[in-house]
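**Student:** Okay, so here is target.txt, and as you'll see once you scroll down, it has compact mmCIF, C-alpha atoms and all ligand atoms.
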# COMPACT_ATOMS: atom_id res chain seq x y z
CA MET A 1 18.07 -29.10 -10.68
CA HIS A 2 17.01 -30.07 -7.20
CA TYR A 3 15.63 -27.97 -4.37
CA ILE A 4 16.81 -28.04 -0.76
CA SER A 5 15.33 -26.86 2.51
CA THR A 6 16.70 -23.62 3.99
CA ARG A 7 17.07 -25.48 7.29
CA ASP A 8 18.64 -28.73 6.18
CA ALA A 9 20.25 -29.23 2.77
CA SER A 10 19.73 -32.99 2.99
CA HIS A 11 15.97 -32.46 2.46
CA LYS A 12 16.05 -32.57 -1.33
CA ALA A 13 13.10 -32.36 -3.72
CA SER A 14 12.44 -32.05 -7.43
CA LEU A 15 10.61 -28.96 -8.68
CA SER A 16 7.29 -30.83 -8.86
CA GLU A 17 7.75 -32.18 -5.35
CA ALA A 18 8.70 -28.79 -3.95
CA ILE A 19 5.62 -27.20 -5.55
CA ALA A 20 3.28 -29.98 -4.42
CA ARG A 21 4.59 -29.86 -0.83
CA GLY A 22 4.79 -26.09 -0.44
CA ILE A 23 6.89 -26.30 2.69
CA ALA A 24 9.82 -28.68 3.35
CA PRO A 25 9.28 -31.56 5.83
CA ASP A 26 11.53 -29.82 8.39
CA GLY A 27 9.49 -26.59 8.24
CA GLY A 28 12.08 -24.82 6.07
CA LEU A 29 11.50 -23.23 2.67
CA TYR A 30 12.62 -24.73 -0.61
CA VAL A 31 15.43 -22.96 -2.46
CA PRO A 32 17.35 -23.99 -5.60
CA GLY A 33 20.22 -26.34 -4.75
CA GLU A 34 22.41 -24.43 -7.19
CA PHE A 35 21.89 -21.40 -9.40
CA PRO A 36 22.43 -21.26 -13.16
CA HIS A 37 24.35 -18.37 -14.67
CA PHE A 38 23.12 -16.31 -17.59
CA THR A 39 24.70 -13.63 -19.74
CA THR A 40 22.55 -10.91 -21.33
CA ARG A 41 23.53 -12.36 -24.72
CA GLN A 42 21.49 -15.46 -23.98
CA PHE A 43 18.38 -13.32 -24.15
CA GLU A 44 19.15 -11.66 -27.48
CA GLY A 45 16.09 -11.52 -29.70
CA VAL A 46 13.82 -12.66 -26.85
CA THR A 47 11.54 -9.84 -25.81
CA GLU A 48 8.19 -11.18 -24.59
CA LEU A 49 7.40 -12.39 -21.07
CA PRO A 50 6.46 -16.01 -22.01
CA GLU A 51 9.64 -16.54 -24.05
CA ILE A 52 11.90 -14.90 -21.48
CA GLY A 53 10.19 -17.02 -18.83
CA ALA A 54 10.74 -20.26 -20.71
CA ARG A 55 14.42 -19.47 -21.23
CA LEU A 56 15.13 -18.16 -17.73
CA LEU A 57 13.27 -20.93 -15.90
CA ALA A 58 14.48 -23.85 -18.05
CA PRO A 59 17.46 -24.65 -15.77
CA PHE A 60 15.15 -24.45 -12.73
CA ALA A 61 12.92 -27.18 -14.21
CA GLU A 62 15.71 -29.32 -15.63
CA GLY A 63 15.18 -33.02 -15.03
CA ASP A 64 11.60 -32.51 -13.84
CA PRO A 65 8.45 -33.72 -15.64
CA LEU A 66 7.38 -30.06 -15.88
CA ALA A 67 10.43 -29.20 -18.04
CA GLY A 68 8.79 -30.34 -21.27
CA GLU A 69 5.73 -28.21 -20.56
CA LEU A 70 7.49 -25.08 -19.41
CA GLU A 71 6.72 -23.13 -22.58
CA ALA A 72 3.02 -23.91 -22.32
CA ILE A 73 3.04 -23.10 -18.60
CA CYS A 74 4.68 -19.72 -19.28
CA ARG A 75 2.18 -18.92 -22.03
CA GLU A 76 -0.68 -19.64 -19.63
CA ALA A 77 0.81 -17.76 -16.70
CA PHE A 78 2.12 -14.67 -18.51
CA ASN A 79 -0.92 -13.84 -20.62
CA PHE A 80 -1.01 -10.19 -19.57
CA PRO A 81 1.71 -7.53 -19.83
CA ALA A 82 4.11 -6.03 -17.27
CA PRO A 83 4.88 -2.70 -18.96
CA LEU A 84 7.75 -0.45 -18.03
CA VAL A 85 6.42 3.10 -18.13
CA PRO A 86 8.78 6.12 -18.10
CA LEU A 87 8.16 8.51 -15.23
CA ASP A 88 8.50 11.60 -17.38
CA GLN A 89 7.99 14.30 -14.81
CA ALA A 90 10.35 12.73 -12.28
CA PRO A 91 13.24 14.83 -11.01
CA ALA A 92 15.73 12.14 -12.16
CA PRO A 93 15.59 9.21 -14.64
CA ALA A 94 13.01 6.68 -13.49
CA SER A 95 10.47 4.14 -14.72
CA VAL A 96 7.48 2.40 -13.23
CA LEU A 97 7.19 -1.38 -13.57
CA GLU A 98 3.44 -1.93 -13.65
CA LEU A 99 2.58 -5.37 -12.30
CA PHE A 100 -1.16 -4.81 -11.99
CA HIS A 101 -2.53 -5.73 -15.41
CA GLY A 102 -3.66 -9.23 -14.44
CA PRO A 103 -7.16 -10.47 -13.57
CA THR A 104 -7.12 -9.19 -9.97
CA CYS A 105 -4.93 -6.12 -10.57
CA ALA A 106 -2.01 -7.04 -8.28
CA PHE A 107 1.40 -8.64 -8.94
CA LYS A 108 0.26 -11.82 -7.15
CA ASP A 109 -1.59 -12.81 -10.34
CA PHE A 110 1.78 -13.81 -11.89
CA GLY A 111 2.68 -16.24 -9.14
CA ALA A 112 -0.85 -17.60 -8.67
CA ARG A 113 -1.32 -18.29 -12.39
CA PHE A 114 2.08 -19.99 -12.72
CA LEU A 115 1.38 -22.14 -9.65
CA ALA A 116 -2.03 -23.14 -11.03
CA ALA A 117 -0.52 -24.07 -14.41
CA CYS A 118 2.13 -26.23 -12.68
CA LEU A 119 -0.27 -27.92 -10.25
CA GLU A 120 -2.72 -28.72 -13.03
CA ARG A 121 0.00 -30.79 -14.69
CA ILE A 122 1.38 -32.28 -11.49
CA ARG A 123 -2.13 -33.44 -10.48
CA ARG A 124 -3.16 -34.63 -13.95
CA ASN A 125 -3.53 -38.30 -13.04
CA ALA A 126 -4.18 -37.88 -9.34
CA PRO A 127 -7.15 -39.89 -8.04
CA ARG A 128 -8.46 -37.21 -5.66
CA LYS A 129 -9.38 -33.60 -6.01
CA LEU A 130 -7.08 -31.11 -4.37
CA THR A 131 -8.48 -28.68 -1.78
CA ILE A 132 -6.49 -25.47 -1.55
CA LEU A 133 -6.85 -23.48 1.66
CA VAL A 134 -5.83 -19.82 1.57
CA ALA A 135 -5.82 -17.38 4.44
CA THR A 136 -5.63 -13.88 3.03
CA SER A 137 -5.30 -10.32 4.28
CA GLY A 138 -6.48 -9.05 0.90
CA ASP A 139 -4.70 -9.68 -2.41
CA THR A 140 -3.51 -13.29 -2.23
CA GLY A 141 -7.00 -14.78 -1.92
CA GLY A 142 -8.33 -12.99 -4.98
CA ALA A 143 -5.33 -13.90 -7.15
CA VAL A 144 -5.50 -17.56 -6.11
CA ALA A 145 -9.30 -17.73 -6.56
CA ALA A 146 -9.00 -16.21 -10.06
CA ALA A 147 -6.18 -18.56 -11.06
CA PHE A 148 -7.97 -21.76 -9.93
CA HIS A 149 -11.59 -20.80 -10.70
CA ASN A 150 -13.51 -23.39 -12.77
CA LYS A 151 -10.65 -25.91 -12.78
CA PRO A 152 -12.30 -29.29 -12.33
CA TRP A 153 -9.38 -30.88 -10.43
CA VAL A 154 -9.37 -28.49 -7.50
CA GLU A 155 -11.52 -26.79 -4.87
CA VAL A 156 -10.51 -23.57 -3.18
CA ALA A 157 -11.46 -22.27 0.26
CA VAL A 158 -10.57 -18.62 0.87
CA LEU A 159 -10.59 -17.32 4.44
CA TYR A 160 -10.44 -13.58 5.05
CA PRO A 161 -11.07 -11.44 8.14
CA LYS A 162 -14.56 -9.96 7.82
CA GLY A 163 -14.54 -6.16 7.77
CA LEU A 164 -10.74 -5.90 7.71
CA VAL A 165 -10.11 -5.72 3.95
CA SER A 166 -11.08 -2.91 1.56
CA GLU A 167 -14.63 -3.02 0.15
CA ARG A 168 -13.35 -3.83 -3.33
CA GLN A 169 -10.95 -6.47 -2.04
CA ALA A 170 -13.87 -8.15 -0.23
CA GLN A 171 -15.82 -8.12 -3.49
CA GLN A 172 -12.86 -9.68 -5.34
CA LEU A 173 -12.59 -12.40 -2.74
CA SER A 174 -16.26 -13.36 -2.79
CA CYS A 175 -17.44 -13.00 -6.41
CA TRP A 176 -16.40 -16.46 -7.64
CA GLY A 177 -18.72 -19.31 -6.67
CA GLY A 178 -18.38 -22.70 -8.37
CA ASN A 179 -15.28 -24.46 -7.06
CA VAL A 180 -14.24 -21.43 -4.99
CA ARG A 181 -15.80 -20.96 -1.56
CA THR A 182 -15.21 -17.78 0.37
CA PHE A 183 -15.41 -17.57 4.14
CA ALA A 184 -15.72 -14.23 5.91
CA VAL A 185 -14.20 -15.13 9.25
CA LYS A 186 -15.39 -13.21 12.32
CA GLY A 187 -11.88 -12.59 13.52
CA SER A 188 -8.46 -11.29 12.48
CA PHE A 189 -6.07 -12.35 9.72
CA ASP A 190 -4.11 -14.22 12.39
CA ASP A 191 -7.27 -16.23 13.17
CA CYS A 192 -7.61 -17.14 9.49
CA GLN A 193 -4.00 -18.24 9.33
CA ARG A 194 -4.31 -20.27 12.53
CA MET A 195 -7.43 -22.04 11.21
CA VAL A 196 -5.61 -23.03 8.02
CA LYS A 197 -2.60 -24.30 9.96
CA GLU A 198 -4.86 -26.30 12.29
CA ALA A 199 -6.76 -27.74 9.33
CA PHE A 200 -3.51 -29.17 7.95
CA LEU A 201 -2.90 -30.97 11.24
CA ASP A 202 -6.50 -32.16 11.72
CA PRO A 203 -6.76 -35.98 11.36
CA ALA A 204 -10.40 -35.90 10.20
CA LEU A 205 -9.72 -33.38 7.44
CA LYS A 206 -6.55 -35.19 6.41
CA GLU A 207 -8.67 -38.28 5.92
CA SER A 208 -11.47 -36.60 3.96
CA HIS A 209 -9.51 -34.06 1.91
CA GLN A 210 -6.26 -33.77 -0.02
CA LEU A 211 -5.25 -30.39 1.39
CA SER A 212 -2.72 -28.02 -0.08
CA SER A 213 -1.82 -24.36 0.30
CA ALA A 214 -1.03 -21.65 -2.19
CA ASN A 215 0.67 -19.09 -0.01
CA SER A 216 3.71 -17.12 -1.02
CA ILE A 217 6.27 -19.46 0.47
CA ASN A 218 5.56 -21.91 -2.37
CA ILE A 219 8.50 -21.92 -4.77
CA GLY A 220 5.96 -22.13 -7.61
CA ARG A 221 4.92 -18.56 -6.84
CA LEU A 222 8.42 -17.18 -6.44
CA LEU A 223 10.18 -18.44 -9.57
CA PRO A 224 7.80 -16.79 -12.07
CA GLN A 225 8.28 -13.41 -10.38
CA MET A 226 11.90 -13.43 -11.59
CA VAL A 227 10.60 -13.14 -15.14
CA TYR A 228 9.34 -9.53 -15.03
CA TYR A 229 12.61 -8.45 -13.45
CA ALA A 230 14.46 -10.18 -16.28
CA LYS A 231 12.34 -8.55 -18.97
CA SER A 232 12.45 -5.02 -17.53
CA SER A 233 16.16 -5.06 -16.65
CA LEU A 234 17.13 -6.36 -20.10
CA GLU A 235 15.00 -3.70 -21.74
CA LEU A 236 16.63 -0.87 -19.78
CA TRP A 237 20.08 -2.40 -20.15
CA ARG A 238 19.71 -2.40 -23.93
CA GLN A 239 18.33 1.16 -23.95
CA LEU A 240 20.70 2.78 -21.47
CA GLY A 241 23.76 0.56 -21.35
CA ARG A 242 23.60 0.43 -17.57
CA ARG A 243 21.97 -1.63 -14.87
CA PRO A 244 18.72 -0.24 -13.48
CA ASN A 245 18.10 -0.14 -9.71
CA TYR A 246 14.81 -1.37 -8.22
CA ILE A 247 12.66 -0.17 -5.31
CA ILE A 248 10.18 -2.86 -4.26
CA PRO A 249 7.21 -2.51 -1.88
CA THR A 250 7.85 -5.32 0.57
CA GLY A 251 5.88 -7.34 3.10
CA ASN A 252 6.64 -11.05 3.16
CA LEU A 253 9.64 -10.46 0.87
CA GLY A 254 8.45 -12.78 -1.91
CA ASN A 255 8.53 -10.20 -4.67
CA ALA A 256 11.90 -8.79 -3.57
CA MET A 257 13.41 -12.27 -3.21
CA ALA A 258 12.63 -12.96 -6.86
CA CYS A 259 14.50 -9.78 -7.82
CA VAL A 260 17.52 -10.83 -5.75
CA TRP A 261 17.54 -14.24 -7.44
CA ALA A 262 17.21 -12.61 -10.89
CA ARG A 263 20.32 -10.52 -10.20
CA HIS A 264 22.09 -13.56 -8.72
CA VAL A 265 21.71 -15.53 -11.96
CA GLY A 266 23.24 -12.70 -13.97
CA LEU A 267 20.49 -10.34 -15.08
CA PRO A 268 21.60 -6.70 -15.35
CA ILE A 269 20.15 -5.43 -12.08
CA GLY A 270 21.93 -2.85 -9.91
CA GLU A 271 20.82 -1.90 -6.42
CA ILE A 272 17.75 -3.45 -4.82
CA VAL A 273 15.98 -1.38 -2.18
CA LEU A 274 13.07 -2.71 -0.13
CA ALA A 275 10.34 -0.23 0.76
CA THR A 276 8.43 -1.29 3.86
CA ASN A 277 5.54 0.32 5.70
CA ALA A 278 5.58 0.97 9.46
CA ASN A 279 6.28 -2.74 10.03
CA GLN A 280 10.02 -2.45 10.52
CA THR A 281 11.28 -5.97 11.16
CA VAL A 282 13.33 -5.96 7.94
CA THR A 283 14.66 -2.40 8.17
CA ASP A 284 15.68 -2.92 11.80
CA TYR A 285 17.44 -6.16 10.92
CA LEU A 286 19.43 -4.64 8.07
CA ARG A 287 20.56 -1.87 10.43
CA SER A 288 21.37 -3.95 13.52
CA GLY A 289 21.91 -7.53 12.35
CA GLU A 290 19.40 -8.72 14.95
CA TRP A 291 16.40 -10.62 13.66
CA GLN A 292 13.43 -9.69 15.81
CA PRO A 293 10.06 -10.76 14.41
CA ARG A 294 7.08 -9.11 16.08
CA ALA A 295 3.30 -8.76 15.78
CA SER A 296 2.26 -6.80 12.71
CA VAL A 297 0.77 -3.31 12.96
CA PRO A 298 -2.07 -2.26 10.64
CA THR A 299 -1.18 0.35 7.99
CA LEU A 300 -2.66 1.88 4.83
CA ALA A 301 -0.49 -0.52 2.79
CA SER A 302 -2.22 -3.51 4.38
CA ALA A 303 -0.89 -6.21 2.02
CA MET A 304 2.53 -5.42 3.51
CA ASP A 305 1.47 -5.67 7.17
CA VAL A 306 3.87 -8.47 8.03
CA GLY A 307 5.81 -8.64 11.30
CA ASN A 308 7.62 -11.91 10.59
CA PRO A 309 8.46 -12.03 6.87
CA SER A 310 8.97 -15.69 6.06
CA ASN A 311 11.04 -15.22 2.91
CA MET A 312 13.84 -13.64 4.94
CA GLU A 313 14.86 -17.23 5.55
CA ARG A 314 15.57 -17.55 1.83
CA LEU A 315 17.56 -14.32 1.70
CA ARG A 316 19.67 -15.45 4.62
CA ALA A 317 20.19 -18.84 3.00
CA LEU A 318 21.62 -17.06 -0.05
CA HIS A 319 23.86 -14.75 2.01
CA PRO A 320 24.58 -16.39 5.37
CA GLU A 321 27.10 -13.67 6.36
CA PHE A 322 25.28 -10.60 7.69
CA GLU A 323 27.81 -8.08 6.32
CA GLU A 324 27.48 -9.63 2.89
CA LEU A 325 23.69 -9.61 3.07
CA GLN A 326 23.73 -5.97 4.15
CA GLY A 327 25.62 -5.14 0.96
CA GLN A 328 23.05 -6.90 -1.23
CA VAL A 329 19.85 -5.04 -0.35
CA GLY A 330 18.90 -1.71 1.15
CA ALA A 331 15.67 -1.01 3.02
CA SER A 332 13.70 2.01 4.07
CA SER A 333 10.47 2.35 6.03
CA VAL A 334 7.53 4.63 5.20
CA ASP A 335 4.75 5.47 7.65
CA ASP A 336 1.08 6.20 6.96
CA ILE A 337 1.54 9.98 7.07
CA GLU A 338 4.21 9.68 4.38
CA ILE A 339 2.02 7.34 2.33
CA ARG A 340 -0.78 9.92 2.33
CA GLY A 341 1.65 12.74 1.55
CA THR A 342 3.19 10.80 -1.35
CA LEU A 343 -0.23 9.95 -2.83
CA ARG A 344 -1.08 13.69 -2.78
CA ARG A 345 2.24 15.04 -4.00
CA ASP A 346 2.87 12.57 -6.81
CA SER A 347 -0.67 12.94 -8.07
CA HIS A 348 -0.01 16.67 -8.56
CA GLU A 349 3.70 16.77 -9.40
CA LEU A 350 4.16 13.55 -11.37
CA ASP A 351 0.60 13.04 -12.58
CA ARG A 352 0.74 9.50 -11.18
CA VAL A 353 -1.85 7.93 -8.92
CA TRP A 354 -0.34 5.11 -6.86
CA CYS A 355 -1.87 2.38 -4.75
CA PRO A 356 -0.83 2.78 -1.07
CA HIS A 357 1.78 -0.02 -1.44
CA THR A 358 3.40 1.52 -4.50
CA ALA A 359 3.40 4.86 -2.65
CA THR A 360 5.94 3.43 -0.18
CA ALA A 361 8.35 2.78 -3.07
CA ALA A 362 7.67 6.20 -4.61
CA LYS A 363 8.48 7.81 -1.25
CA VAL A 364 11.71 5.83 -0.93
CA TYR A 365 12.67 6.95 -4.45
CA ARG A 366 12.43 10.60 -3.40
CA ARG A 367 14.35 9.83 -0.23
CA MET A 368 17.14 8.16 -2.23
CA LEU A 369 17.39 11.17 -4.56
CA SER A 370 17.62 13.59 -1.67
CA ARG A 371 20.54 11.53 -0.39
CA GLY A 372 22.31 11.86 -3.72
CA ALA A 373 21.47 8.52 -5.33
CA ARG A 374 22.30 8.25 -9.03
CA GLY A 375 21.45 5.95 -11.88
CA HIS A 376 18.16 4.80 -13.33
CA TRP A 377 15.52 3.78 -10.80
CA VAL A 378 12.57 1.49 -11.28
CA ILE A 379 9.61 1.94 -8.95
CA VAL A 380 7.82 -1.40 -8.75
CA SER A 381 4.05 -0.88 -8.77
CA THR A 382 2.40 -3.85 -7.09
CA ALA A 383 -1.32 -3.06 -7.37
CA HIS A 384 -3.75 -0.85 -9.25
CA PRO A 385 -4.94 2.16 -7.21
CA ALA A 386 -8.60 1.42 -8.09
CA LYS A 387 -8.44 -1.53 -5.67
CA PHE A 388 -7.84 0.94 -2.84
CA ASN A 389 -10.00 3.86 -4.00
CA ASP A 390 -11.24 4.44 -0.45
CA ILE A 391 -7.68 5.32 0.64
CA VAL A 392 -6.38 6.91 -2.54
CA GLU A 393 -9.19 9.20 -3.70
CA PRO A 394 -9.43 11.33 -0.53
CA GLN A 395 -5.73 12.18 -0.98
CA THR A 396 -5.59 12.80 -4.72
CA GLY A 397 -9.00 14.45 -4.99
CA ARG A 398 -9.71 12.63 -8.24
CA GLU A 399 -11.66 9.55 -9.03
CA VAL A 400 -9.55 6.54 -10.03
CA PRO A 401 -10.87 4.99 -13.27
CA VAL A 402 -11.69 1.30 -12.78
CA PRO A 403 -9.85 -1.03 -15.20
CA PRO A 404 -12.13 -3.41 -17.15
CA ALA A 405 -10.90 -6.58 -15.36
CA LEU A 406 -11.78 -5.10 -11.98
CA ALA A 407 -15.09 -3.68 -13.24
CA THR A 408 -16.17 -7.17 -14.31
CA LEU A 409 -15.43 -8.63 -10.88
CA LEU A 410 -17.17 -5.74 -9.14
CA SER A 411 -20.35 -6.39 -11.11
CA LEU A 412 -20.68 -10.03 -9.97
CA PRO A 413 -22.89 -11.04 -7.03
CA ARG A 414 -21.14 -11.76 -3.74
CA GLN A 415 -21.18 -15.36 -2.52
CA GLU A 416 -19.69 -15.94 0.88
CA THR A 417 -20.34 -17.68 4.15
CA GLU A 418 -19.73 -16.14 7.54
CA LEU A 419 -17.63 -18.31 9.78
CA GLU A 420 -16.80 -18.39 13.48
CA PRO A 421 -13.01 -18.28 13.96
CA SER A 422 -12.62 -21.95 14.88
CA LEU A 423 -11.29 -25.10 13.25
CA GLN A 424 -14.55 -26.87 14.03
CA ALA A 425 -16.56 -24.32 12.07
CA LEU A 426 -14.23 -24.68 9.09
CA ARG A 427 -14.24 -28.48 9.27
CA THR A 428 -18.05 -28.58 9.32
CA GLN A 429 -18.19 -26.37 6.24
CA LEU A 430 -15.63 -28.37 4.30
CA GLN A 431 -17.11 -31.77 5.16
CA HIS A 432 -20.85 -31.24 5.20
CA THR A 433 -21.82 -28.56 2.75
C1 LIG A 501 1.47 -8.92 -1.33
C2 LIG A 501 1.66 -7.49 -1.71
C3 LIG A 501 2.86 -6.80 -1.41
C4 LIG A 501 3.98 -7.45 -0.64
O1 LIG A 501 4.64 -8.43 -1.39
P1 LIG A 501 5.60 -9.49 -0.66
O2 LIG A 501 5.98 -10.44 -1.71
O3 LIG A 501 4.78 -10.11 0.43
O4 LIG A 501 6.75 -8.72 -0.11
C5 LIG A 501 3.00 -5.49 -1.85
N1 LIG A 501 2.01 -4.87 -2.51
C6 LIG A 501 0.85 -5.49 -2.81
C7 LIG A 501 -0.19 -4.74 -3.55
C8 LIG A 501 0.64 -6.82 -2.44
O5 LIG A 501 -0.52 -7.42 -2.73
Written as structure tokens, that's how I'd like the structure from this file.
**Tutor:**
Amino acid sequence: MHYISTRDASHKASLSEAIARGIAPDGGLYVPGEFPHFTTRQFEGVTELPEIGARLLAPFAEGDPLAGELEAICREAFNFPAPLVPLDQAPAPASVLELFHGPTCAFKDFGARFLAACLERIRRNAPRKLTILVATSGDTGGAVAAAFHNKPWVEVAVLYPKGLVSERQAQQLSCWGGNVRTFAVKGSFDDCQRMVKEAFLDPALKESHQLSSANSINIGRLLPQMVYYAKSSLELWRQLGRRPNYIIPTGNLGNAMACVWARHVGLPIGEIVLATNANQTVTDYLRSGEWQPRASVPTLASAMDVGNPSNMERLRALHPEFEELQGQVGASSVDDIEIRGTLRRDSHELDRVWCPHTATAAKVYRRMLSRGARGHWVIVSTAHPAKFNDIVEPQTGREVPVPPALATLLSLPRQETELEPSLQALRTQLQHT
């Protein structure tokens, strides 16, 4: 298996190369050069995430040095569950796919842990330490810090916009120490992202550090996300004899892209519907066929505040014809008033407390039903509500119990450095302290 750039198929790379580079030399994103095809039979008797992962991802690692270690990588990455929970009180058959049982209580733990397990092997005999720079608007930084913490071959610098993430997210970003350094940047998320981009182009830093990124365009974060779609769809397929449909809270389209790929290789997945917040670049595109990226607007589902979703490039690479693409995914947008209303209503009527991101999918589920949708629906739950208690509790009127993993992180002292929003400030920190 080789990987090609979405912009120019002649830019080929092996899996290890694609993971190590992150982005293709022409600025495009790596996608599989060809897709394997699976039948449900090939997964008979395989029921656990690590085993399903090893089987599903084997063709994607074929011919690469990582192939022989795929089972071990999957055991390391998928060491917490992704349960499918029936939504008993729902007005029509539905389940919740809970992706928040990892160390930082969001689905990004799957991708971050898989990426770390791959990079550890890729870098095994490398002479220099790797320095991973992450700009984060909330969840990515925590997941990456947790996945790479205490690994002797790597240092991590997390940049987040001071005062613009939830209190508990800030705690999760800054509780690490050791090889993880957290910078509270006096600026916006865009400033953080700009500083990271500039750092990659800075000759002095290039000389002193082996820089890498761990953001969601890395194929090493996308491939493992196919695995929980495989496991849950196979489970429901065996139970119900029909393909479940998925509603996925969507920002940069990484999670949803993995679901589209899982269906593309033959897993029993029906409709895929993207739930977005008030950032409507994707919903507008699927309606009009015109791709118009724009500045993001802040919402209650902040991890989905993306105005220019980069993984759309991968979706368009898979389905270059707009009419065809339009038939592959649906999309629906949910504003903050609806997020609040859904948190309130579902807490009372369904006895479910969502995080604000999951609430967008729960709202879209109700919308689909009112338009006569049939079949079995899976609401994808991307984070634990306890991470966003300041938004959730005022709506539901009940305290969200804190899961043990989060409680541990919340009890640790905060270690962070304030930073002016400039490359020079970042360079000084990385080189001299
Ligand atoms: C990152 C994130 C999303 C959006 O996922 P994408 O892959 O960027 O579409 C949704 N919900 C939560 C909780 C997240 O952290």
**Student:** Mind pulling up the distance from CA of Ala295 in chain A to CA of Ile391 in chain A?
**Tutor:** 23.4 Å
**Student:** Using the file's own x, y and z axes, what box holds all listed atoms of range 349-361 of chain A with 3 Å on each side, keeping edges along x, y and z, and what are its centre and edge lengths in Å to one decimal, as lines of an AutoDock Vina configuration file?
**Tutor:**
center_x = 3.2
center_y = 8.4
center_z = -6.4
size_x = 16.2
size_y = 22.8
size_z = 18.4
**Student:** Which of these, A:Ala116, A:Leu410, A:Met312, A:Leu423, has the shortest distance to ligand LIG 501 (chain A) once you count only C-alpha atoms and all ligand atoms?
**Tutor:**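 Using only C-alpha atoms and all ligand atoms, ligand LIG 501 (chain A) sits closest to A:Met312.
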**Student:** Suppose you want the space between CA of Lys162 in chain A and CA of Gly187 in chain A; what is it in Å?
**Tutor:**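 Interatomic distance here is 6.8 Å.
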**Student:** Could you tell me, counting only C-alpha atoms and all ligand atoms, which protein and nucleic acid residues lie no more than 6 Å from ligand LIG 501 (chain A), written as a list in words?
**Tutor:**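 Listing the residues within 6 Å of ligand LIG 501 (chain A) gives Ala106, Asp139, Pro249, Thr250, Gly251, Asn252, Leu253, Gly254, Asn255, Ala303, Met304, His357, Thr382 and Ala383 of chain A.
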**Student:** With C-alpha atoms retained, write the just-selected residues as a PDB file, in the frame of the given file.
**Tutor:**
ATOM      1  CA  ALA A 106      -2.010  -7.040  -8.280  1.00  0.00           C
ATOM      2  CA  ASP A 139      -4.700  -9.680  -2.410  1.00  0.00           C
ATOM      3  CA  PRO A 249       7.210  -2.510  -1.880  1.00  0.00           C
ATOM      4  CA  THR A 250       7.850  -5.320   0.570  1.00  0.00           C
ATOM      5  CA  GLY A 251       5.880  -7.340   3.100  1.00  0.00           C
ATOM      6  CA  ASN A 252       6.640 -11.050   3.160  1.00  0.00           C
ATOM      7  CA  LEU A 253       9.640 -10.460   0.870  1.00  0.00           C
ATOM      8  CA  GLY A 254       8.450 -12.780  -1.910  1.00  0.00           C
ATOM      9  CA  ASN A 255       8.530 -10.200  -4.670  1.00  0.00           C
ATOM     10  CA  ALA A 303      -0.890  -6.210   2.020  1.00  0.00           C
ATOM     11  CA  MET A 304       2.530  -5.420   3.510  1.00  0.00           C
ATOM     12  CA  HIS A 357       1.780  -0.020  -1.440  1.00  0.00           C
ATOM     13  CA  THR A 382       2.400  -3.850  -7.090  1.00  0.00           C
ATOM     14  CA  ALA A 383      -1.320  -3.060  -7.370  1.00  0.00           C
TER      15      ALA A 383
END
**Student:** Nearest to Ala262 in chain A: which of A:Arg371, A:Ala275, A:Gly53, A:Leu412 is it, counting all atoms listed in the file?
**Tutor:**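 Closest residue, counting all atoms listed in the file: A:Gly53.
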